[in-house]
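Taking it in order: structure first as C-alpha cells, then the write-up.
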Amino acid sequence: MAAEKLRDLSQPIDVTLLDATVESFYATGSKDERAAADSILRELKANPDTWLQVVHILQSTRSTHTKYFALQVLEGVIKYRWNALPVEQRDGMKNYISEVIVQLSGDEGSFRAERLYVNKLNVILVQIVKHEWPAKWRSFIPDLVKAAKTSETLCENCMAILKLLSEEVFDFSKGEMTQQKIKEMKESLNRQFLLIHELCLYVLSASQRPELIRSTLSALHAYLSWIPLGYIFESPLLETLLKFFPEPAYRNLTLQCLSEVAALNCGDFYNGQYVKMYGIFMGQLQAMLPLNINIPKAYSNGSDEEQASLLRALGNFLSLWSKMCGFSLNFRLYMCVNEG
C-alpha cells in the first residue's frame, strides 16, 4: 500500500511516507526493509515525472537524507534531460535553487547548520549554469557578485560557487560538454572576471572574517592558472596575497595561490614583478624561519597539517619561484623541506 501510494505521482507525493522509506533504506530498516525501500527509491528515480515533485519534497521534509534523494533525482534530470524541458520549468527550477541558496547562506545560523545541504545545492546550481550560461543566463556572474555584497556568509558561499564553476569549466568538463560550449564558457569567464577580481580584492582588503578569507583564497586558487595575466601582475593582487602569508590560518592557501602564479609561463615581461614579490616573500620567510633554525626538528615538532601541507608546499613554491626569477635556490632549505 505504501509503495503504491509513493508510485502515484498524479498528486503531491506523501513526504512523510517518503521520509520513512528513505530512513528505512539509510538508517532504521531491517535487511528486508532496506531492500524494499531501495526498490521503491530506484523506481522513483527512474520515473521521468518524479523530478516535478522535487520542490514539494524540499519544501516539506526536514530529513537530510530525503533532501539528498530529491537532489539526486534533480541532478539526473539536469544531466540528461535539461535542454528538453520547457523553458518555464527550467526557469522555475533555476530560480528556486538560487532562492534557497540565498536564503540558507544569507543567515549565519542556517548556513552553518545546513552547510552540507548548501554545498549540494551549490553543485546543483553549477550543473544548471553549465546548461544555461552564458547564452540563456547572461547575468549569472553579475547577479552572483551582487548577492555576495549583501552579507559575509552569502559572500563566503558565493566564493564556493565561483570555485566550483572554475573547476567544472577548466578541470571536469571533458566528456560532459562540447568543445564549443567549453570555449564559450571560458570566454565568458574571461570577459566577466573583472567583477570576480574586484570582489576578491575587496574581501581580502576589508574582511576580518577568517571563513570568508579562506573561501576567497580557495576560489582565487582555482582561477589563477588561467585568468589574463594583467589581473595578477597589474593589480594589487600579489601584494595582497603576500600580506596573508605570515598568518598561520591562511598560510597554506596563500602558498597554493603563489605557487600557481610561480608556475605560469609569462616569458620575460613580468620579471620585475616576480623578483620584487620573491624578495618580499623571502623576507617574510626569514622572519618565520631564521637561518639558524633546525628545519628537520621544526618539521618533526609540527602538526600533521604543517607536515603534510605547509612545508611541502613551501618547497614546491620556492622551487617554482626561484626558477622564474633566475635565482639559485637555497639548497639546504629545499632539501630539508622535501626530505621531511
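The chains in the C-alpha cells are called A, B, ... from first to last as shown; in each chain the residues are counted from 1, and the ligands are counted from 1 in the order shown.
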inquiry  = What parts of stretch 59-305 of chain A does DSSP call helix (DSSP H, G or I)? I'd like the answer as a count of residues only.
reply    = 186
Pick out the residues sitting within 10 Å of A:Ala222, and hand them over as an mmCIF file with all heavy atoms, in the first residue's frame; count only C-alpha atoms, and ignore anything fewer than 4 positions along from it in its own chain.
data_model
loop_
_atom_site.group_PDB
_atom_site.id
_atom_site.type_symbol
_atom_site.label_atom_id
_atom_site.label_comp_id
_atom_site.auth_asym_id
_atom_site.auth_seq_id
_atom_site.Cartn_x
_atom_site.Cartn_y
_atom_site.Cartn_z
ATOM 1 N N LEU A 162 31.835 30.093 -7.118
ATOM 2 C CA LEU A 162 32.802 30.518 -8.133
ATOM 3 C C LEU A 162 33.929 29.501 -8.284
ATOM 4 O O LEU A 162 34.383 29.222 -9.398
ATOM 5 C CB LEU A 162 33.374 31.884 -7.771
ATOM 6 C CG LEU A 162 32.419 33.073 -7.949
ATOM 7 C CD1 LEU A 162 33.002 34.329 -7.310
ATOM 8 C CD2 LEU A 162 32.129 33.312 -9.434
ATOM 9 N N LYS A 163 34.374 28.938 -7.179
ATOM 10 C CA LYS A 163 35.399 27.908 -7.248
ATOM 11 C C LYS A 163 34.879 26.692 -8.003
ATOM 12 O O LYS A 163 35.559 26.145 -8.889
ATOM 13 C CB LYS A 163 35.843 27.505 -5.840
ATOM 14 C CG LYS A 163 36.886 26.393 -5.838
ATOM 15 C CD LYS A 163 37.241 25.953 -4.427
ATOM 16 C CE LYS A 163 38.249 24.805 -4.475
ATOM 17 N NZ LYS A 163 38.589 24.303 -3.120
ATOM 18 N N LEU A 164 33.669 26.254 -7.675
ATOM 19 C CA LEU A 164 33.064 25.118 -8.372
ATOM 20 C C LEU A 164 32.951 25.383 -9.869
ATOM 21 O O LEU A 164 33.222 24.504 -10.699
ATOM 22 C CB LEU A 164 31.665 24.837 -7.812
ATOM 23 C CG LEU A 164 31.548 23.989 -6.549
ATOM 24 C CD1 LEU A 164 30.097 23.949 -6.090
ATOM 25 C CD2 LEU A 164 32.068 22.582 -6.788
ATOM 26 N N LEU A 165 32.563 26.606 -10.214
ATOM 27 C CA LEU A 165 32.388 26.951 -11.618
ATOM 28 C C LEU A 165 33.703 26.838 -12.372
ATOM 29 O O LEU A 165 33.771 26.258 -13.464
ATOM 30 C CB LEU A 165 31.818 28.363 -11.747
ATOM 31 C CG LEU A 165 31.574 28.867 -13.169
ATOM 32 C CD1 LEU A 165 30.558 27.988 -13.883
ATOM 33 C CD2 LEU A 165 31.103 30.318 -13.148
ATOM 34 N N SER A 166 34.773 27.380 -11.814
ATOM 35 C CA SER A 166 36.070 27.296 -12.469
ATOM 36 C C SER A 166 36.511 25.845 -12.620
ATOM 37 O O SER A 166 36.999 25.431 -13.674
ATOM 38 C CB SER A 166 37.123 28.074 -11.676
ATOM 39 O OG SER A 166 38.396 27.973 -12.288
ATOM 40 N N GLU A 167 36.336 25.050 -11.567
ATOM 41 C CA GLU A 167 36.729 23.646 -11.620
ATOM 42 C C GLU A 167 35.934 22.888 -12.674
ATOM 43 O O GLU A 167 36.479 22.056 -13.403
ATOM 44 C CB GLU A 167 36.549 23.002 -10.248
ATOM 45 C CG GLU A 167 37.536 23.504 -9.205
ATOM 46 C CD GLU A 167 37.235 23.002 -7.815
ATOM 47 O OE1 GLU A 167 36.106 22.513 -7.574
ATOM 48 O OE2 GLU A 167 38.121 23.105 -6.957
ATOM 49 N N PHE A 170 37.124 24.201 -16.306
ATOM 50 C CA PHE A 170 38.510 24.000 -16.709
ATOM 51 C C PHE A 170 39.079 22.640 -16.335
ATOM 52 O O PHE A 170 40.081 22.219 -16.904
ATOM 53 C CB PHE A 170 39.386 25.102 -16.106
ATOM 54 C CG PHE A 170 39.140 26.429 -16.738
ATOM 55 C CD1 PHE A 170 38.192 27.297 -16.218
ATOM 56 C CD2 PHE A 170 39.816 26.814 -17.873
ATOM 57 C CE1 PHE A 170 37.941 28.525 -16.808
ATOM 58 C CE2 PHE A 170 39.575 28.039 -18.474
ATOM 59 C CZ PHE A 170 38.635 28.891 -17.942
ATOM 60 N N ASP A 171 38.451 21.949 -15.382
ATOM 61 C CA ASP A 171 39.027 20.686 -14.926
ATOM 62 C C ASP A 171 38.160 19.464 -15.218
ATOM 63 O O ASP A 171 38.678 18.404 -15.531
ATOM 64 C CB ASP A 171 39.299 20.745 -13.410
ATOM 65 C CG ASP A 171 40.308 21.816 -13.051
ATOM 66 O OD1 ASP A 171 41.171 22.112 -13.888
ATOM 67 O OD2 ASP A 171 40.214 22.368 -11.939
ATOM 68 N N LEU A 217 40.418 32.923 -0.812
ATOM 69 C CA LEU A 217 41.721 32.419 -1.252
ATOM 70 C C LEU A 217 41.564 31.112 -2.019
ATOM 71 O O LEU A 217 42.229 30.881 -3.036
ATOM 72 C CB LEU A 217 42.638 32.214 -0.047
ATOM 73 C CG LEU A 217 43.126 33.490 0.666
ATOM 74 C CD1 LEU A 217 43.841 33.125 1.966
ATOM 75 C CD2 LEU A 217 44.050 34.298 -0.242
ATOM 76 N N SER A 218 40.669 30.264 -1.553
ATOM 77 C CA SER A 218 40.428 28.994 -2.234
ATOM 78 C C SER A 218 39.833 29.210 -3.619
ATOM 79 O O SER A 218 40.206 28.526 -4.585
ATOM 80 C CB SER A 218 39.494 28.124 -1.379
ATOM 81 O OG SER A 218 39.330 26.843 -1.940
ATOM 82 N N TRP A 226 44.632 30.422 -15.135
ATOM 83 C CA TRP A 226 44.153 30.694 -16.492
ATOM 84 C C TRP A 226 43.681 32.112 -16.741
ATOM 85 O O TRP A 226 43.465 32.506 -17.876
ATOM 86 C CB TRP A 226 43.011 29.737 -16.853
ATOM 87 C CG TRP A 226 41.810 29.849 -15.959
ATOM 88 C CD1 TRP A 226 41.528 29.082 -14.879
ATOM 89 C CD2 TRP A 226 40.731 30.787 -16.062
ATOM 90 N NE1 TRP A 226 40.352 29.479 -14.287
ATOM 91 C CE2 TRP A 226 39.838 30.525 -15.001
ATOM 92 C CE3 TRP A 226 40.428 31.822 -16.945
ATOM 93 C CZ2 TRP A 226 38.674 31.259 -14.798
ATOM 94 C CZ3 TRP A 226 39.267 32.558 -16.737
ATOM 95 C CH2 TRP A 226 38.409 32.261 -15.676
ATOM 96 N N ILE A 227 43.508 32.936 -15.697
ATOM 97 C CA ILE A 227 42.986 34.289 -15.918
ATOM 98 C C ILE A 227 44.019 35.142 -16.658
ATOM 99 O O ILE A 227 45.216 34.865 -16.614
ATOM 100 C CB ILE A 227 42.599 34.974 -14.590
ATOM 101 C CG1 ILE A 227 43.801 35.087 -13.651
ATOM 102 C CG2 ILE A 227 41.452 34.257 -13.929
ATOM 103 C CD1 ILE A 227 43.506 35.886 -12.400
ATOM 104 N N GLN A 256 49.538 28.082 -1.868
ATOM 105 C CA GLN A 256 48.963 27.432 -3.047
ATOM 106 C C GLN A 256 48.711 28.457 -4.155
ATOM 107 O O GLN A 256 48.973 28.190 -5.334
ATOM 108 C CB GLN A 256 47.678 26.710 -2.667
ATOM 109 C CG GLN A 256 47.881 25.495 -1.788
ATOM 110 C CD GLN A 256 46.578 24.931 -1.258
ATOM 111 O OE1 GLN A 256 45.511 25.163 -1.826
ATOM 112 N NE2 GLN A 256 46.647 24.191 -0.170
ATOM 113 N N CYS A 257 48.190 29.627 -3.765
ATOM 114 C CA CYS A 257 47.948 30.684 -4.753
ATOM 115 C C CYS A 257 49.247 31.175 -5.366
ATOM 116 O O CYS A 257 49.369 31.307 -6.597
ATOM 117 C CB CYS A 257 47.204 31.856 -4.097
ATOM 118 S SG CYS A 257 45.484 31.508 -3.639
ATOM 119 N N GLU A 260 50.694 28.761 -7.859
ATOM 120 C CA GLU A 260 50.031 28.826 -9.162
ATOM 121 C C GLU A 260 50.614 29.964 -10.002
ATOM 122 O O GLU A 260 50.833 29.819 -11.203
ATOM 123 C CB GLU A 260 48.517 29.026 -8.990
ATOM 124 C CG GLU A 260 47.765 27.801 -8.525
ATOM 125 C CD GLU A 260 47.702 26.711 -9.570
ATOM 126 O OE1 GLU A 260 47.957 26.984 -10.765
ATOM 127 O OE2 GLU A 260 47.411 25.565 -9.192
#
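Of the listed residues (A:Thr64, A:Glu239, A:Leu85, A:Thr16), A:Thr16 comes nearest to A:Ala2; the distances count only C-alpha atoms.
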key: Residue among A:Val118, A:Val145, A:Cys155, A:Leu238 lying closest to A:Tyr278, counting only C-alpha atoms   =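 That would be A:Leu238, the residue with the smallest distance to A:Tyr278.
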task = Write out as number ranges by chain each polymer residue whose atoms come within 9 Å of stretch 181-185 of chain A, counting only C-alpha atoms; drop sequence neighbours fewer than 5 positions from it.
result = A: 130-131, 133-135, 169-170, 173-174, 190
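Nearest to A:Met288 of all the residues A:Pro236, A:Pro246, A:Gly109, A:Gly267 is A:Pro246, counting only C-alpha atoms.
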message = I want to know what sits within 12 Å of A:Leu201, based on only C-alpha atoms, with residues of the same chain fewer than 5 positions away left out; could you give that as a list of chain:residue names?
response = A:Leu194, A:Leu195, A:Ile196, A:Ala206, A:Ser207, A:Ile213, A:Thr216, A:Leu217, A:Ala219, A:Leu220, A:Tyr231, A:Ile232, A:Ser235, A:Pro236, A:Leu237, A:Leu238, A:Glu239, A:Thr240, A:Leu241
I need the chosen residues saved as a compact mmCIF listing (two decimals), in the first residue's frame, with N, CA and C atoms.
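Writing the result to part_3.txt gives the following:
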# COMPACT_ATOMS: atom_id res chain seq x y z
N LEU A 194 36.60 40.51 -14.38
CA LEU A 194 36.84 41.77 -13.68
C LEU A 194 35.97 41.88 -12.44
N LEU A 195 34.71 41.47 -12.55
CA LEU A 195 33.80 41.53 -11.40
C LEU A 195 34.26 40.61 -10.28
N ILE A 196 34.71 39.41 -10.65
CA ILE A 196 35.20 38.46 -9.65
C ILE A 196 36.49 38.98 -9.01
N ALA A 206 39.18 44.10 3.05
CA ALA A 206 38.22 44.68 4.00
C ALA A 206 37.70 43.70 5.05
N SER A 207 37.65 42.41 4.74
CA SER A 207 37.02 41.47 5.67
C SER A 207 37.97 41.05 6.78
N ILE A 213 37.70 34.82 4.28
CA ILE A 213 39.03 35.00 3.68
C ILE A 213 39.53 33.68 3.12
N THR A 216 37.69 32.85 -0.05
CA THR A 216 38.14 33.70 -1.15
C THR A 216 39.50 33.25 -1.69
N LEU A 217 40.42 32.92 -0.81
CA LEU A 217 41.72 32.42 -1.25
C LEU A 217 41.56 31.11 -2.02
N ALA A 219 38.91 30.16 -3.74
CA ALA A 219 38.34 30.48 -5.04
C ALA A 219 39.40 31.05 -5.98
N LEU A 220 40.21 31.97 -5.47
CA LEU A 220 41.29 32.55 -6.29
C LEU A 220 42.22 31.47 -6.81
N TYR A 231 45.44 40.74 -14.51
CA TYR A 231 44.74 40.70 -13.24
C TYR A 231 45.67 40.33 -12.09
N ILE A 232 46.76 39.65 -12.40
CA ILE A 232 47.71 39.23 -11.38
C ILE A 232 48.82 40.26 -11.18
N SER A 235 47.79 44.61 -10.89
CA SER A 235 46.81 44.94 -9.85
C SER A 235 47.48 44.68 -8.50
N PRO A 236 46.84 45.04 -7.41
CA PRO A 236 47.44 44.79 -6.08
C PRO A 236 47.32 43.34 -5.62
N LEU A 237 46.97 42.41 -6.50
CA LEU A 237 46.67 41.05 -6.06
C LEU A 237 47.84 40.37 -5.36
N LEU A 238 49.03 40.41 -5.97
CA LEU A 238 50.17 39.72 -5.36
C LEU A 238 50.54 40.32 -4.01
N GLU A 239 50.56 41.65 -3.94
CA GLU A 239 50.86 42.30 -2.67
C GLU A 239 49.83 41.92 -1.61
N THR A 240 48.58 41.83 -2.02
CA THR A 240 47.51 41.46 -1.10
C THR A 240 47.70 40.03 -0.60
N LEU A 241 48.02 39.12 -1.52
CA LEU A 241 48.24 37.73 -1.13
C LEU A 241 49.40 37.62 -0.14
note = atom CA of A:Gln273 to atom CA of A:Leu229 measures 11.7 Å
key: Surrounding residues of A:Val129 excluding itself and chain neighbours under 5 positions, 12 Å, only C-alpha atoms, as a count of residues only   = 32
All residues 10 Å or closer to A:Arg209, only C-alpha atoms, same chain fewer than 4 positions away omitted, as a compact mmCIF listing (two decimals) with all heavy atoms, in the first residue's frame:
# COMPACT_ATOMS: atom_id res chain seq x y z
N GLU A 152 28.25 38.65 4.62
CA GLU A 152 29.53 37.95 4.56
C GLU A 152 29.35 36.44 4.42
O GLU A 152 30.16 35.78 3.74
CB GLU A 152 30.36 38.28 5.81
CG GLU A 152 30.92 39.69 5.78
CD GLU A 152 32.04 39.91 6.77
OE1 GLU A 152 31.78 39.78 7.98
OE2 GLU A 152 33.17 40.21 6.34
N THR A 153 28.32 35.86 5.05
CA THR A 153 28.12 34.43 4.88
C THR A 153 27.68 34.11 3.46
O THR A 153 28.10 33.10 2.87
CB THR A 153 27.09 33.88 5.88
OG1 THR A 153 25.89 34.66 5.82
CG2 THR A 153 27.64 33.90 7.29
N GLU A 156 30.72 34.28 1.35
CA GLU A 156 31.53 33.07 1.53
C GLU A 156 31.02 31.94 0.64
O GLU A 156 31.79 31.23 -0.01
CB GLU A 156 31.48 32.64 3.00
CG GLU A 156 32.28 31.40 3.32
CD GLU A 156 32.14 30.98 4.78
OE1 GLU A 156 31.76 31.81 5.61
OE2 GLU A 156 32.40 29.79 5.07
N VAL A 203 37.21 41.76 -0.64
CA VAL A 203 37.11 40.88 0.52
C VAL A 203 38.45 40.78 1.24
O VAL A 203 38.52 40.91 2.47
CB VAL A 203 36.63 39.47 0.10
CG1 VAL A 203 36.79 38.48 1.26
CG2 VAL A 203 35.17 39.50 -0.36
N LEU A 204 39.51 40.57 0.48
CA LEU A 204 40.83 40.38 1.10
C LEU A 204 41.37 41.65 1.73
O LEU A 204 42.23 41.59 2.62
CB LEU A 204 41.82 39.85 0.06
CG LEU A 204 41.52 38.45 -0.48
CD1 LEU A 204 42.54 38.07 -1.56
CD2 LEU A 204 41.50 37.41 0.62
N ILE A 213 37.70 34.82 4.28
CA ILE A 213 39.03 35.00 3.68
C ILE A 213 39.53 33.68 3.12
O ILE A 213 40.04 33.62 1.99
CB ILE A 213 40.01 35.57 4.73
CG1 ILE A 213 39.60 36.99 5.10
CG2 ILE A 213 41.44 35.54 4.20
CD1 ILE A 213 40.38 37.58 6.26
N ARG A 214 39.35 32.59 3.87
CA ARG A 214 39.79 31.28 3.37
C ARG A 214 39.01 30.88 2.12
O ARG A 214 39.58 30.34 1.16
CB ARG A 214 39.65 30.23 4.46
CG ARG A 214 40.75 30.28 5.51
CD ARG A 214 40.77 29.03 6.36
NE ARG A 214 39.61 28.97 7.24
CZ ARG A 214 39.58 29.44 8.48
NH1 ARG A 214 40.66 30.02 8.99
NH2 ARG A 214 38.49 29.35 9.20
key: Atom-to-atom span, atom CA of A:Lys146 and atom CA of A:Asn119, Å   = 19.8 Å
